There are 2 protein chains.
Amino acid sequence: MPVALHHIVVDTHDLPALARFWTQALGWSLLSEREREIVIGPDVHAPVGICFMPVTGPKAVKNRLHLDLTTSASDRDAEIDRLLALGARHADVGQTGDESWTVLADPEGNEFCVVRPKTTLVG
Amino acid sequence: MPVALHHIVVDTHDLPALARFWTQALGWSLLSEREREIVIGPDVHAPVGICFMPVTGPKAVKNRLHLDLTTSASDRDAEIDRLLALGARHADVGQTGDESWTVLADPEGNEFCVVRPKTTLVG
């Protein structure tokens, strides 16, 4: 078996606060909590979770990796409002405003996008 | 339903080359390929994939988000060798060498770790 994707690791200043934001954002659960490592995921059997680990340096540039979140078309505006209420903010990464996605940032400035509902077409 | 994690998006210079590295690394498939967006995943029904999108600027600092990959204990050394042969390289992010994980970087310098086999203990 090749390696498997296990965690998306986020360098974090305030681990409990950022983990709380993302559990609430995604409806995920806290899977493990230690002083220097908090893991969240949909459940303990899900293949992929998010792991928060401490960092000392400030965020300096736009992240080269970011998360795309999807939702249903009917829920999209309400979900963006909910994320903003949880502590997200709008982020400017040079988008024109004509894109089909909305760029937000989490409370530590990590950019993420809320995209149109998932399609799985190949081509 | 809250937003769902859909894609990990990677700002990329050479989309086909980096997508090829990661499909081979993870044993994933190419799910869609367009000039400015390549998506890979375990299969079209999997909740989480990786999406490569173009970027112009060079990578300047250690990524604040990175991927942790897991493997079986018996496969670990062979898997690291396989990843290096695919185009990964060892990366220095200040680790001491005593860690339980090995830090590598993909062909565009994005750091990732090969960690010890997954545990799901809460505590």
# chains A, B, ... in the order shown; residues from 1 in each chain; ligands from 1
call {"tool": "residues_around", "arguments": {"residues": "Trp28 (chain B)", "least_positions_apart": "4", "cutoff": "6 Å", "atoms": "only C-alpha atoms", "output": "PyMOL selection string"}}
result
chain B and resi 23+41-42
call {"tool": "write_last_selection", "arguments": {"atoms": "all heavy atoms", "output": "mmCIF file, in the first residue's frame"}}
result
data_model
loop_
_atom_site.group_PDB
_atom_site.id
_atom_site.type_symbol
_atom_site.label_atom_id
_atom_site.label_comp_id
_atom_site.auth_asym_id
_atom_site.auth_seq_id
_atom_site.Cartn_x
_atom_site.Cartn_y
_atom_site.Cartn_z
ATOM 1 N N THR B 23 -0.337 11.853 -7.754
ATOM 2 C CA THR B 23 -1.117 10.642 -8.057
ATOM 3 C C THR B 23 -0.255 9.404 -7.815
ATOM 4 O O THR B 23 -0.715 8.409 -7.257
ATOM 5 C CB THR B 23 -1.643 10.616 -9.510
ATOM 6 O OG1 THR B 23 -0.577 10.849 -10.409
ATOM 7 C CG2 THR B 23 -2.732 11.640 -9.727
ATOM 8 N N GLY B 41 -7.773 12.447 -6.938
ATOM 9 C CA GLY B 41 -8.397 11.925 -5.730
ATOM 10 C C GLY B 41 -8.353 10.417 -5.725
ATOM 11 O O GLY B 41 -7.980 9.799 -6.728
ATOM 12 N N PRO B 42 -8.745 9.811 -4.600
ATOM 13 C CA PRO B 42 -8.778 8.339 -4.544
ATOM 14 C C PRO B 42 -9.763 7.788 -5.563
ATOM 15 O O PRO B 42 -9.523 6.767 -6.193
ATOM 16 C CB PRO B 42 -9.238 8.047 -3.114
ATOM 17 C CG PRO B 42 -9.063 9.305 -2.360
ATOM 18 C CD PRO B 42 -9.161 10.434 -3.333
#
call {"tool": "select_by_dssp", "arguments": {"residues": "chain B", "states": "strand (DSSP E or B)", "output": "PyMOL selection string"}}
result
chain B and resi 4-12+29-34+37-41+49-54+65-70+89-90+102-105+111-115
call {"tool": "write_last_selection", "arguments": {"atoms": "N, CA and C atoms", "output": "CSV table (one decimal), in the first residue's frame"}}
result
chain,number,residue,atom,x,y,z
B,4,ALA,N,-18.6,21.4,3.5
B,4,ALA,CA,-17.8,20.2,3.6
B,4,ALA,C,-16.4,20.4,3.0
B,5,LEU,N,-15.4,19.8,3.5
B,5,LEU,CA,-14.1,19.9,3.0
B,5,LEU,C,-14.1,19.1,1.6
B,6,HIS,N,-13.6,19.8,0.6
B,6,HIS,CA,-13.7,19.2,-0.8
B,6,HIS,C,-12.4,19.0,-1.4
B,7,HIS,N,-11.6,20.1,-1.5
B,7,HIS,CA,-10.3,20.0,-2.1
B,7,HIS,C,-9.2,20.7,-1.2
B,8,ILE,N,-8.0,20.1,-1.3
B,8,ILE,CA,-6.8,20.8,-0.8
B,8,ILE,C,-6.3,21.4,-2.1
B,9,VAL,N,-6.2,22.7,-2.1
B,9,VAL,CA,-5.7,23.4,-3.4
B,9,VAL,C,-4.3,23.8,-3.2
B,10,VAL,N,-3.5,23.4,-4.2
B,10,VAL,CA,-2.1,23.7,-4.2
B,10,VAL,C,-1.7,24.7,-5.3
B,11,ASP,N,-1.1,25.8,-5.0
B,11,ASP,CA,-0.6,26.8,-5.9
B,11,ASP,C,0.6,26.1,-6.6
B,12,THR,N,0.6,26.0,-7.9
B,12,THR,CA,1.5,25.1,-8.7
B,12,THR,C,2.1,25.9,-9.9
B,29,SER,N,-6.0,8.8,-8.6
B,29,SER,CA,-6.3,9.0,-10.0
B,29,SER,C,-6.5,10.4,-10.4
B,30,LEU,N,-6.3,10.7,-11.7
B,30,LEU,CA,-6.6,12.0,-12.2
B,30,LEU,C,-8.1,12.0,-12.4
B,31,LEU,N,-8.8,13.0,-11.8
B,31,LEU,CA,-10.2,13.1,-11.8
B,31,LEU,C,-10.7,14.1,-12.9
B,32,SER,N,-10.0,15.2,-13.1
B,32,SER,CA,-10.3,16.1,-14.1
B,32,SER,C,-9.1,16.9,-14.5
B,33,GLU,N,-8.9,17.3,-15.7
B,33,GLU,CA,-7.8,18.0,-16.2
B,33,GLU,C,-8.2,19.1,-17.1
B,34,ARG,N,-7.9,20.4,-16.7
B,34,ARG,CA,-8.1,21.5,-17.5
B,34,ARG,C,-6.8,22.3,-17.5
B,37,GLU,N,-6.6,23.9,-14.0
B,37,GLU,CA,-7.1,23.2,-12.9
B,37,GLU,C,-7.0,21.7,-13.1
B,38,ILE,N,-6.2,21.0,-12.3
B,38,ILE,CA,-6.1,19.5,-12.4
B,38,ILE,C,-6.6,19.0,-11.0
B,39,VAL,N,-7.5,18.1,-11.0
B,39,VAL,CA,-8.0,17.5,-9.7
B,39,VAL,C,-7.6,16.0,-9.7
B,40,ILE,N,-7.1,15.6,-8.6
B,40,ILE,CA,-6.8,14.2,-8.3
B,40,ILE,C,-7.5,13.7,-7.0
B,41,GLY,N,-7.8,12.4,-6.9
B,41,GLY,CA,-8.4,11.9,-5.7
B,41,GLY,C,-8.4,10.4,-5.7
B,49,GLY,N,-10.1,15.6,-2.3
B,49,GLY,CA,-9.1,15.4,-3.3
B,49,GLY,C,-8.1,16.6,-3.3
B,50,ILE,N,-7.2,16.6,-4.2
B,50,ILE,CA,-6.2,17.7,-4.3
B,50,ILE,C,-6.4,18.3,-5.6
B,51,CYS,N,-6.4,19.6,-5.6
B,51,CYS,CA,-6.6,20.4,-6.8
B,51,CYS,C,-5.4,21.3,-7.0
B,52,PHE,N,-4.8,21.2,-8.2
B,52,PHE,CA,-3.6,22.0,-8.6
B,52,PHE,C,-4.1,23.2,-9.4
B,53,MET,N,-3.7,24.4,-9.0
B,53,MET,CA,-4.1,25.6,-9.8
B,53,MET,C,-2.8,26.5,-10.0
B,54,PRO,N,-2.8,27.2,-11.1
B,54,PRO,CA,-1.5,28.0,-11.4
B,54,PRO,C,-1.2,29.1,-10.4
B,65,LEU,N,0.4,25.3,5.8
B,65,LEU,CA,-0.4,24.1,5.7
B,65,LEU,C,0.5,23.0,5.1
B,66,HIS,N,0.5,21.9,5.6
B,66,HIS,CA,1.2,20.8,4.9
B,66,HIS,C,0.5,19.5,5.1
B,67,LEU,N,0.8,18.5,4.3
B,67,LEU,CA,0.1,17.2,4.4
B,67,LEU,C,1.0,16.2,5.2
B,68,ASP,N,0.3,15.4,6.0
B,68,ASP,CA,0.9,14.3,6.7
B,68,ASP,C,0.4,13.0,6.0
B,69,LEU,N,1.3,12.2,5.6
B,69,LEU,CA,1.0,10.9,5.0
B,69,LEU,C,1.4,9.8,6.0
B,70,THR,N,0.6,8.8,6.0
B,70,THR,CA,0.8,7.7,6.9
B,70,THR,C,1.0,6.4,6.0
B,89,ARG,N,12.2,15.2,-2.1
B,89,ARG,CA,13.5,15.4,-1.5
B,89,ARG,C,13.4,15.6,0.0
B,90,HIS,N,14.4,15.3,0.7
B,90,HIS,CA,14.4,15.6,2.2
B,90,HIS,C,14.4,17.1,2.4
B,102,THR,N,9.3,11.9,9.2
B,102,THR,CA,10.3,12.3,8.2
B,102,THR,C,9.7,13.5,7.3
B,103,VAL,N,10.5,14.5,7.2
B,103,VAL,CA,10.1,15.7,6.5
B,103,VAL,C,10.6,15.6,5.0
B,104,LEU,N,9.7,15.6,4.1
B,104,LEU,CA,10.1,15.6,2.7
B,104,LEU,C,9.5,16.8,2.0
B,105,ALA,N,9.8,17.1,0.8
B,105,ALA,CA,9.2,18.2,0.0
B,105,ALA,C,8.9,17.6,-1.4
B,111,GLU,N,6.4,21.2,1.6
B,111,GLU,CA,6.8,20.2,2.6
B,111,GLU,C,5.7,19.3,2.9
B,112,PHE,N,6.0,18.0,3.2
B,112,PHE,CA,5.0,17.1,3.7
B,112,PHE,C,5.8,16.1,4.6
B,113,CYS,N,5.0,15.4,5.4
B,113,CYS,CA,5.7,14.5,6.4
B,113,CYS,C,5.1,13.1,6.2
B,114,VAL,N,6.0,12.1,6.4
B,114,VAL,CA,5.6,10.7,6.5
B,114,VAL,C,5.7,10.4,7.9
B,115,VAL,N,4.5,10.1,8.5
B,115,VAL,CA,4.4,9.9,9.9
B,115,VAL,C,4.2,8.4,10.3
call {"tool": "closest_residue", "arguments": {"among": "A:Ser74, A:Gln95, A:Asn63, A:Ser100", "to": "chain B", "atoms": "only C-alpha atoms"}}
result
A:Asn63
call {"tool": "closest_residue", "arguments": {"among": "B:Thr56, B:Leu15, B:Glu79, B:Asp98", "to": "Arg36 (chain B)", "atoms": "only C-alpha atoms"}}
result
B:Leu15
call {"tool": "select_by_dssp", "arguments": {"residues": "region 17-118 of chain A", "states": "alpha helix (DSSP H)", "output": "number ranges by chain"}}
result
A: 17-26, 76-86
call {"tool": "residues_around", "arguments": {"residues": "Lys59 (chain B)", "least_positions_apart": "3", "cutoff": "9 Å", "atoms": "only C-alpha atoms", "output": "PyMOL selection string"}}
result
(chain A and resi 64) or (chain B and resi 62-63+108-110)
call {"tool": "write_last_selection", "arguments": {"atoms": "C-alpha atoms", "output": "PDB file, in the first residue's frame"}}
result
ATOM      1  CA  ARG A  64       0.356  28.027  -1.145  1.00  0.00           C
TER       2      ARG A  64
ATOM      3  CA  LYS B  62       7.752  27.187   4.719  1.00  0.00           C
ATOM      4  CA  ASN B  63       4.104  26.418   4.007  1.00  0.00           C
ATOM      5  CA  GLU B 108       7.883  22.247  -6.091  1.00  0.00           C
ATOM      6  CA  GLY B 109       9.158  22.399  -2.534  1.00  0.00           C
ATOM      7  CA  ASN B 110       5.889  21.870  -0.668  1.00  0.00           C
TER       8      ASN B 110
END
call {"tool": "atom_distance", "arguments": {"atom1": "CA of Ala73 (chain A)", "atom2": "CA of Gly94 (chain A)"}}
result
24.1 Å
call {"tool": "atom_distance", "arguments": {"atom1": "CA of Leu26 (chain A)", "atom2": "CA of Asp43 (chain A)"}}
result
11.7 Å
call {"tool": "atom_distance", "arguments": {"atom1": "CA of Ala25 (chain A)", "atom2": "CA of Arg82 (chain A)"}}
result
8.1 Å
call {"tool": "residues_around", "arguments": {"residues": "Leu86 (chain A)", "least_positions_apart": "5", "cutoff": "10 Å", "atoms": "only C-alpha atoms", "output": "count of residues only"}}
result
9
call {"tool": "closest_residue", "arguments": {"among": "A:Ala19, A:Thr71, A:Asp77, A:Asp14", "to": "chain B", "atoms": "only C-alpha atoms"}}
result
A:Thr71
call {"tool": "closest_residue", "arguments": {"among": "B:Pro16, B:Pro58, B:Gly27, B:Gly97", "to": "chain A", "atoms": "only C-alpha atoms"}}
result
B:Gly27
